[in-house]
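Colleague: What follows is structure-v5.csv, CSV, C-alpha atoms.
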chain,number,residue,atom,x,y,z
A,1082,MET,CA,-42.7,136.9,-262.7
A,1083,TYR,CA,-41.0,138.2,-259.5
A,1084,GLU,CA,-38.4,136.3,-257.5
A,1085,VAL,CA,-36.6,137.0,-254.2
A,1086,LYS,CA,-33.1,135.7,-253.5
A,1087,LEU,CA,-30.8,136.4,-250.6
A,1088,GLY,CA,-27.3,135.7,-251.8
A,1089,ASP,CA,-27.4,132.1,-253.2
A,1090,GLU,CA,-30.6,131.4,-251.2
A,1091,TYR,CA,-33.8,131.2,-253.3
A,1092,LEU,CA,-36.6,132.6,-251.1
A,1093,MET,CA,-39.8,132.9,-253.2
A,1094,SER,CA,-41.4,133.5,-256.5
A,1095,SER,CA,-44.7,135.0,-257.6
A,1096,LEU,CA,-45.3,131.8,-259.5
A,1097,PHE,CA,-45.7,129.8,-256.3
A,1098,THR,CA,-47.8,131.6,-253.7
A,1099,ALA,CA,-50.3,129.0,-252.6
A,1100,GLY,CA,-48.4,128.1,-249.5
A,1101,GLU,CA,-47.9,131.7,-248.4
A,1102,ILE,CA,-51.6,132.4,-248.9
A,1103,ALA,CA,-52.6,129.2,-247.0
A,1104,LEU,CA,-50.4,130.2,-244.1
A,1105,ALA,CA,-52.6,133.2,-243.5
A,1106,ARG,CA,-55.9,131.5,-244.2
A,1107,LEU,CA,-55.2,128.4,-242.2
A,1108,GLY,CA,-53.7,130.3,-239.3
A,1109,LEU,CA,-56.4,132.9,-239.0
A,1110,ALA,CA,-59.1,130.2,-239.4
A,1111,GLU,CA,-58.1,129.1,-235.9
A,1112,ALA,CA,-57.9,132.6,-234.5
A,1113,PRO,CA,-60.2,133.0,-231.5
A,1114,GLU,CA,-62.2,136.2,-232.1
A,1115,ASP,CA,-62.9,139.4,-234.0
A,1116,GLY,CA,-60.7,142.4,-233.8
A,1117,LEU,CA,-57.5,140.4,-234.5
A,1118,ASP,CA,-54.1,141.8,-234.1
A,1119,VAL,CA,-51.6,139.9,-236.3
A,1120,VAL,CA,-47.9,139.8,-236.7
A,1121,VAL,CA,-46.3,138.4,-239.9
A,1122,GLY,CA,-42.7,137.3,-239.9
A,1123,GLY,CA,-41.2,137.8,-243.3
A,1124,LEU,CA,-42.6,140.2,-245.9
A,1125,GLY,CA,-41.2,138.8,-249.1
A,1126,LEU,CA,-43.6,139.6,-252.0
A,1127,GLY,CA,-46.4,140.2,-249.6
A,1128,TYR,CA,-48.8,137.3,-250.3
A,1129,THR,CA,-49.2,136.2,-246.7
A,1130,ALA,CA,-49.8,139.7,-245.6
A,1131,ARG,CA,-52.4,140.4,-248.3
A,1132,ALA,CA,-54.2,137.2,-247.5
A,1133,ALA,CA,-54.3,138.1,-243.9
A,1134,LEU,CA,-55.8,141.6,-244.7
A,1135,GLU,CA,-58.5,139.8,-246.7
A,1136,ASP,CA,-59.9,138.5,-243.4
A,1137,SER,CA,-62.3,141.2,-242.2
A,1138,ARG,CA,-61.6,140.3,-238.6
A,1139,VAL,CA,-58.1,141.6,-238.8
A,1140,ARG,CA,-57.9,145.1,-237.2
A,1141,SER,CA,-54.1,145.5,-237.3
A,1142,MET,CA,-51.2,143.8,-238.8
A,1143,LEU,CA,-47.5,144.2,-238.2
A,1144,VAL,CA,-45.1,142.8,-240.9
A,1145,VAL,CA,-41.5,142.4,-239.8
A,1146,ASP,CA,-38.7,141.9,-242.3
A,1147,ALA,CA,-35.0,142.1,-241.7
A,1148,LEU,CA,-34.3,143.7,-245.1
A,1149,GLY,CA,-35.0,147.4,-245.5
A,1150,GLU,CA,-34.7,146.9,-249.3
A,1151,VAL,CA,-37.6,144.6,-249.3
A,1152,ILE,CA,-39.8,147.0,-247.3
A,1153,GLU,CA,-38.7,149.8,-249.7
A,1154,TRP,CA,-39.8,147.7,-252.7
A,1155,HIS,CA,-43.3,147.7,-251.3
A,1156,GLN,CA,-43.3,151.3,-250.3
A,1157,ARG,CA,-42.2,152.4,-253.7
A,1158,GLY,CA,-44.7,150.1,-255.5
A,1159,LEU,CA,-41.9,148.1,-257.2
A,1160,VAL,CA,-43.7,144.8,-256.5
A,1161,PRO,CA,-47.3,144.0,-257.5
A,1162,LEU,CA,-48.8,143.9,-253.9
A,1163,GLY,CA,-46.8,146.8,-252.5
A,1164,ALA,CA,-49.3,149.6,-253.2
A,1165,GLY,CA,-52.2,147.8,-251.7
A,1166,LEU,CA,-50.3,146.8,-248.5
A,1167,THR,CA,-48.9,150.2,-247.9
A,1168,ALA,CA,-52.2,151.9,-248.5
A,1169,ASP,CA,-54.1,149.7,-246.0
A,1170,SER,CA,-54.3,151.6,-242.7
A,1171,ARG,CA,-54.3,148.3,-240.8
A,1172,CYS,CA,-50.8,147.3,-242.1
A,1173,ARG,CA,-47.5,148.5,-240.8
A,1174,LEU,CA,-44.1,147.4,-242.1
A,1175,VAL,CA,-41.3,147.2,-239.6
A,1176,GLN,CA,-37.6,146.5,-240.3
A,1177,GLY,CA,-36.1,144.2,-237.7
A,1178,ASP,CA,-34.8,140.7,-236.9
A,1179,PHE,CA,-38.0,138.8,-236.2
A,1180,PHE,CA,-36.3,136.1,-234.1
A,1181,ALA,CA,-34.4,138.6,-232.0
A,1182,MET,CA,-37.6,140.6,-231.4
A,1183,ALA,CA,-39.5,137.4,-230.5
A,1184,GLY,CA,-36.9,136.7,-227.7
A,1185,ASP,CA,-36.8,140.3,-226.5
A,1186,PRO,CA,-39.1,141.4,-223.7
A,1187,GLY,CA,-40.0,144.4,-225.9
A,1188,GLY,CA,-41.5,142.1,-228.5
A,1189,PHE,CA,-42.4,142.9,-232.1
A,1190,ASP,CA,-43.9,146.3,-232.0
A,1191,PRO,CA,-41.3,149.2,-231.5
A,1192,GLU,CA,-44.2,151.4,-230.5
A,1193,ALA,CA,-45.8,149.2,-227.9
A,1194,HIS,CA,-43.4,147.4,-225.4
A,1195,GLY,CA,-44.4,143.8,-224.8
A,1196,ARG,CA,-47.5,143.9,-227.1
A,1197,ARG,CA,-49.3,140.6,-227.6
A,1198,PHE,CA,-51.1,139.4,-230.7
A,1199,HIS,CA,-53.9,137.0,-231.6
A,1200,ALA,CA,-51.8,135.4,-234.4
A,1201,VAL,CA,-48.2,135.0,-235.3
A,1202,LEU,CA,-47.7,133.9,-238.9
A,1203,LEU,CA,-44.1,132.9,-239.7
A,1204,ASP,CA,-42.6,132.5,-243.2
A,1205,ILE,CA,-38.8,133.2,-243.1
A,1206,ASP,CA,-36.8,129.9,-243.2
A,1207,HIS,CA,-37.2,127.1,-245.7
A,1208,SER,CA,-38.3,124.8,-242.8
A,1209,PRO,CA,-37.5,124.1,-239.2
A,1210,ARG,CA,-34.6,121.9,-240.3
A,1211,HIS,CA,-33.4,124.2,-243.2
A,1212,VAL,CA,-32.9,127.7,-241.8
A,1213,LEU,CA,-31.4,130.8,-243.5
A,1214,HIS,CA,-29.1,131.5,-240.5
A,1215,PRO,CA,-27.9,129.2,-237.8
A,1216,SER,CA,-29.2,131.6,-235.1
A,1217,HIS,CA,-32.7,130.8,-236.2
A,1218,ALA,CA,-32.5,127.1,-235.3
A,1219,ALA,CA,-33.0,127.5,-231.6
A,1220,PHE,CA,-36.5,129.1,-232.2
A,1221,TYR,CA,-37.8,125.8,-233.5
A,1222,GLU,CA,-36.9,124.0,-230.3
A,1223,PRO,CA,-39.4,124.1,-227.3
A,1224,ALA,CA,-37.6,127.0,-225.6
A,1225,GLY,CA,-37.7,129.1,-228.7
A,1226,LEU,CA,-41.3,128.2,-229.5
A,1227,ARG,CA,-42.2,129.5,-226.0
A,1228,ALA,CA,-40.9,132.9,-227.0
A,1229,PHE,CA,-43.5,132.9,-229.8
A,1230,ALA,CA,-46.2,131.8,-227.3
A,1231,ASP,CA,-45.2,134.6,-225.0
A,1232,ARG,CA,-46.1,137.1,-227.8
A,1233,LEU,CA,-49.6,135.7,-228.1
A,1234,HIS,CA,-52.8,136.3,-226.1
A,1235,PRO,CA,-54.2,133.2,-224.5
A,1236,GLY,CA,-55.9,131.1,-227.2
A,1237,GLY,CA,-53.8,132.8,-229.9
A,1238,VAL,CA,-52.5,131.0,-232.9
A,1239,PHE,CA,-48.9,130.3,-234.1
A,1240,ALA,CA,-48.7,129.3,-237.7
A,1241,LEU,CA,-45.6,128.4,-239.7
A,1242,TRP,CA,-44.9,127.8,-243.4
A,1243,SER,CA,-42.4,125.1,-244.4
A,1244,ASN,CA,-41.1,123.9,-247.8
A,1245,ASP,CA,-40.6,120.4,-246.4
A,1246,PRO,CA,-43.1,117.6,-245.9
A,1247,PRO,CA,-44.7,117.3,-242.4
A,1248,ASP,CA,-42.1,116.7,-239.7
A,1249,GLU,CA,-43.4,114.6,-236.9
A,1250,GLU,CA,-40.5,115.5,-234.6
A,1251,PHE,CA,-41.2,119.2,-235.1
A,1252,THR,CA,-45.0,118.6,-234.5
A,1253,SER,CA,-44.0,116.9,-231.2
A,1254,ARG,CA,-42.0,120.0,-230.2
A,1255,LEU,CA,-45.0,122.2,-231.0
A,1256,ALA,CA,-47.1,120.0,-228.7
A,1257,GLU,CA,-44.7,120.7,-225.8
A,1258,VAL,CA,-45.6,124.4,-226.0
A,1259,PHE,CA,-49.0,124.7,-227.7
A,1260,VAL,CA,-52.2,122.7,-227.9
A,1261,GLU,CA,-53.6,120.8,-230.8
A,1262,PRO,CA,-50.8,121.3,-233.4
A,1263,THR,CA,-51.6,120.2,-236.9
A,1264,ALA,CA,-49.6,120.0,-240.1
A,1265,GLU,CA,-51.6,120.7,-243.3
A,1266,VAL,CA,-50.1,119.8,-246.7
A,1267,VAL,CA,-50.8,122.4,-249.4
A,1268,SER,CA,-50.6,121.2,-253.0
A,1269,PHE,CA,-50.2,123.3,-256.1
A,1270,ASP,CA,-49.2,123.0,-259.7
A,1271,ASN,CA,-45.5,123.4,-260.6
A,1272,PRO,CA,-45.3,124.4,-264.3
A,1273,LEU,CA,-41.5,124.5,-264.2
A,1274,GLN,CA,-41.4,120.8,-263.3
A,1275,GLY,CA,-44.6,119.7,-265.0
A,1276,GLY,CA,-46.2,118.3,-261.8
A,1277,THR,CA,-47.5,119.0,-258.4
A,1278,ALA,CA,-45.5,120.5,-255.5
A,1279,THR,CA,-46.3,120.8,-251.8
A,1280,ASN,CA,-45.7,123.0,-248.8
A,1281,THR,CA,-46.6,122.4,-245.2
A,1282,VAL,CA,-48.4,124.8,-242.9
A,1283,TYR,CA,-48.2,124.1,-239.2
A,1284,VAL,CA,-50.9,125.6,-236.9
A,1285,ALA,CA,-51.0,125.5,-233.1
A,1286,ARG,CA,-52.9,127.4,-230.4
A,1287,LYS,CA,-51.7,128.8,-227.1
A,1288,GLN,CA,-53.5,127.4,-224.1
A,1289,GLN,CA,-56.6,129.4,-223.0
A,1290,ALA,CA,-56.3,131.2,-219.7
A,1291,ARG,CA,-57.8,129.2,-216.9
A,1292,ALA,CA,-60.9,130.7,-215.2
What is this file in structure tokens?
Modeller:
Amino acid sequence: MYEVKLGDEYLMSSLFTAGEIALARLGLAEAPEDGLDVVVGGLGLGYTARAALEDSRVRSMLVVDALGEVIEWHQRGLVPLGAGLTADSRCRLVQGDFFAMAGDPGGFDPEAHGRRFHAVLLDIDHSPRHVLHPSHAAFYEPAGLRAFADRLHPGGVFALWSNDPPDEEFTSRLAEVFVEPTAEVVSFDNPLQGGTATNTVYVARKQQARA
């Protein structure tokens, strides 16, 4: 078993990956076309990234993580999915502050100023209400969500993982920026507690360009 912690914050475990996988699958299921360019916020143990690469429509994927050590784990093959991710020519790992990059005109790709994507898949904070750093909170408000929309092509998808149950207030905020937001509950076995646990995956689309 592999676990990731940041200080006292428990981030993820290889025992519980259903939500991370569902983030990629549910998000990309709503993506508009073939030849998808995808950005993933948060590398962790790599389960969202790997699930995205399993979609044959993905032609490129940028994975942004703030911790150079986490990227190095994958590059050195110290975690199970690292070798596969780093060997895939479609995948590029970038160290950076995902939220700061979202709000910067340069965007997520240091090699292509202002580049847009067909999907943004975000798994960094515990939930929109339980963030790892206070500076993240603003990005779950309408003005911050517009920064993510600005990184998307028309019709592109924004998808978010949350450890909390569906939050109607947050879904309403999504609806101020995106169209047709949904909150999908993902259930999975929890052997440590002897029952079933749940995550939530939010999926919303950017408005298509008007003809």
Colleague: May I have the residues within 12 Å of Glu1222 of chain A as a VMD selection string, using only C-alpha atoms and disregarding those fewer than 3 positions away in the same chain?
Modeller: chain A and resid 1209 to 1210 1216 to 1219 1225 to 1229 1250 to 1258
Colleague: Could the residues in this selection be saved with C-alpha atoms as a CSV table (one decimal), keeping the file's coordinate frame?
Modeller:
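The result, stored in result09.csv:
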chain,number,residue,atom,x,y,z
A,1209,PRO,CA,-37.5,124.1,-239.2
A,1210,ARG,CA,-34.6,121.9,-240.3
A,1216,SER,CA,-29.2,131.6,-235.1
A,1217,HIS,CA,-32.7,130.8,-236.2
A,1218,ALA,CA,-32.5,127.1,-235.3
A,1219,ALA,CA,-33.0,127.5,-231.6
A,1225,GLY,CA,-37.7,129.1,-228.7
A,1226,LEU,CA,-41.3,128.2,-229.5
A,1227,ARG,CA,-42.2,129.5,-226.0
A,1228,ALA,CA,-40.9,132.9,-227.0
A,1229,PHE,CA,-43.5,132.9,-229.8
A,1250,GLU,CA,-40.5,115.5,-234.6
A,1251,PHE,CA,-41.2,119.2,-235.1
A,1252,THR,CA,-45.0,118.6,-234.5
A,1253,SER,CA,-44.0,116.9,-231.2
A,1254,ARG,CA,-42.0,120.0,-230.2
A,1255,LEU,CA,-45.0,122.2,-231.0
A,1256,ALA,CA,-47.1,120.0,-228.7
A,1257,GLU,CA,-44.7,120.7,-225.8
A,1258,VAL,CA,-45.6,124.4,-226.0
Colleague: Would you compute the distance between atom CA of His1234 of chain A and atom CA of Val1282 of chain A? Give it in Å to one decimal.
Modeller: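 If I compute the distance from atom CA of His1234 of chain A to atom CA of Val1282 of chain A, I get 20.8 Å.
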Colleague: Write out as a PyMOL selection string which residues come within 12 Å of Ala1105 of chain A when counting all atoms listed in the file, dropping same-chain ones fewer than 3 positions away.
Modeller: chain A and resi 1098-1102+1108-1112+1119-1122+1127-1136+1139+1142+1200-1204+1238-1242+1282-1284
Colleague: Considering all atoms listed in the file, return as number ranges by chain whatever protein or nucleic-acid residues lie within 8 Å of Thr1281 of chain A, sequence-local ones (same chain, fewer than 5 positions apart) excluded.
Modeller: A: 1100, 1242-1247, 1264-1267
Colleague: Determine the nearest neighbour of Leu1124 of chain A from the options A:Asp1146, A:Glu1192, A:Asp1270, A:Asp1248, counting only C-alpha atoms.
Modeller: A:Asp1146
Colleague: Hey, which bits of segment 1172-1280 of chain A sit within 8 Å of segment 1148-1161 of chain A, and for each residue what's the closest pair of atoms and how far apart in Å (one decimal), counting only C-alpha atoms, rows by chain and increasing number, as a Markdown table?
Modeller:
| residue | atom | partner | partner_atom | distance |
| --- | --- | --- | --- | --- |
| A:Leu1174 | CA | A:Ile1152 | CA | 6.8 |
| A:Val1175 | CA | A:Ile1152 | CA | 7.8 |
| A:Gln1176 | CA | A:Gly1149 | CA | 5.9 |
| A:Gly1177 | CA | A:Leu1148 | CA | 7.6 |
Colleague: Would you please work out which residue, of A:Gly1163, A:Gly1123, A:Gly1195, A:Gly1116, is nearest to Arg1232 of chain A when using all atoms listed in the file?
Modeller: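 Of A:Gly1163, A:Gly1123, A:Gly1195, A:Gly1116, the one nearest Arg1232 of chain A is A:Gly1195, counting all atoms listed in the file.
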Colleague: Which residues are close to Pro1186 of chain A, i.e. within 10 Å by all atoms listed in the file, leaving aside same-chain residues fewer than 2 positions away? Reply as a count of residues only.
Modeller: 12
Colleague: Of the candidates A:His1214, A:Arg1171, A:His1207, A:Arg1286, which one gets nearest to Pro1235 of chain A if we count all atoms listed in the file?
Modeller: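 Distance minimum relative to Pro1235 of chain A lands on A:Arg1286.
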Colleague: Tell me which of A:Phe1259, A:Cys1172, A:Leu1143, A:Gly1236 sits closest to Pro1191 of chain A, counting all atoms listed in the file.
Modeller: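 Under the stated criterion, the closest residue is A:Leu1143.
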Colleague: What is the distance, in Å and to one decimal place, between atom CA of Gly1187 of chain A and atom CA of Val1144 of chain A?
Modeller: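 Going from atom CA of Gly1187 of chain A over to atom CA of Val1144 of chain A, I get 15.9 Å.
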Colleague: Identify, on the basis of only C-alpha atoms, every residue whose closest approach to Leu1117 of chain A does not exceed 6 Å; exclude the query and any residue fewer than 2 positions from it along the same chain; express the result as a list in words.
Modeller: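 With the cut-off at 6 Å, the set is Asp1115, Arg1138, Val1139, Arg1140 and His1199 of chain A.
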Colleague: Which value, in Å to one decimal, gives the distance between atom CA of Val1212 of chain A and atom CA of Ala1193 of chain A?
Modeller: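 Result for atom CA of Val1212 of chain A versus atom CA of Ala1193 of chain A: 28.7 Å, one decimal.
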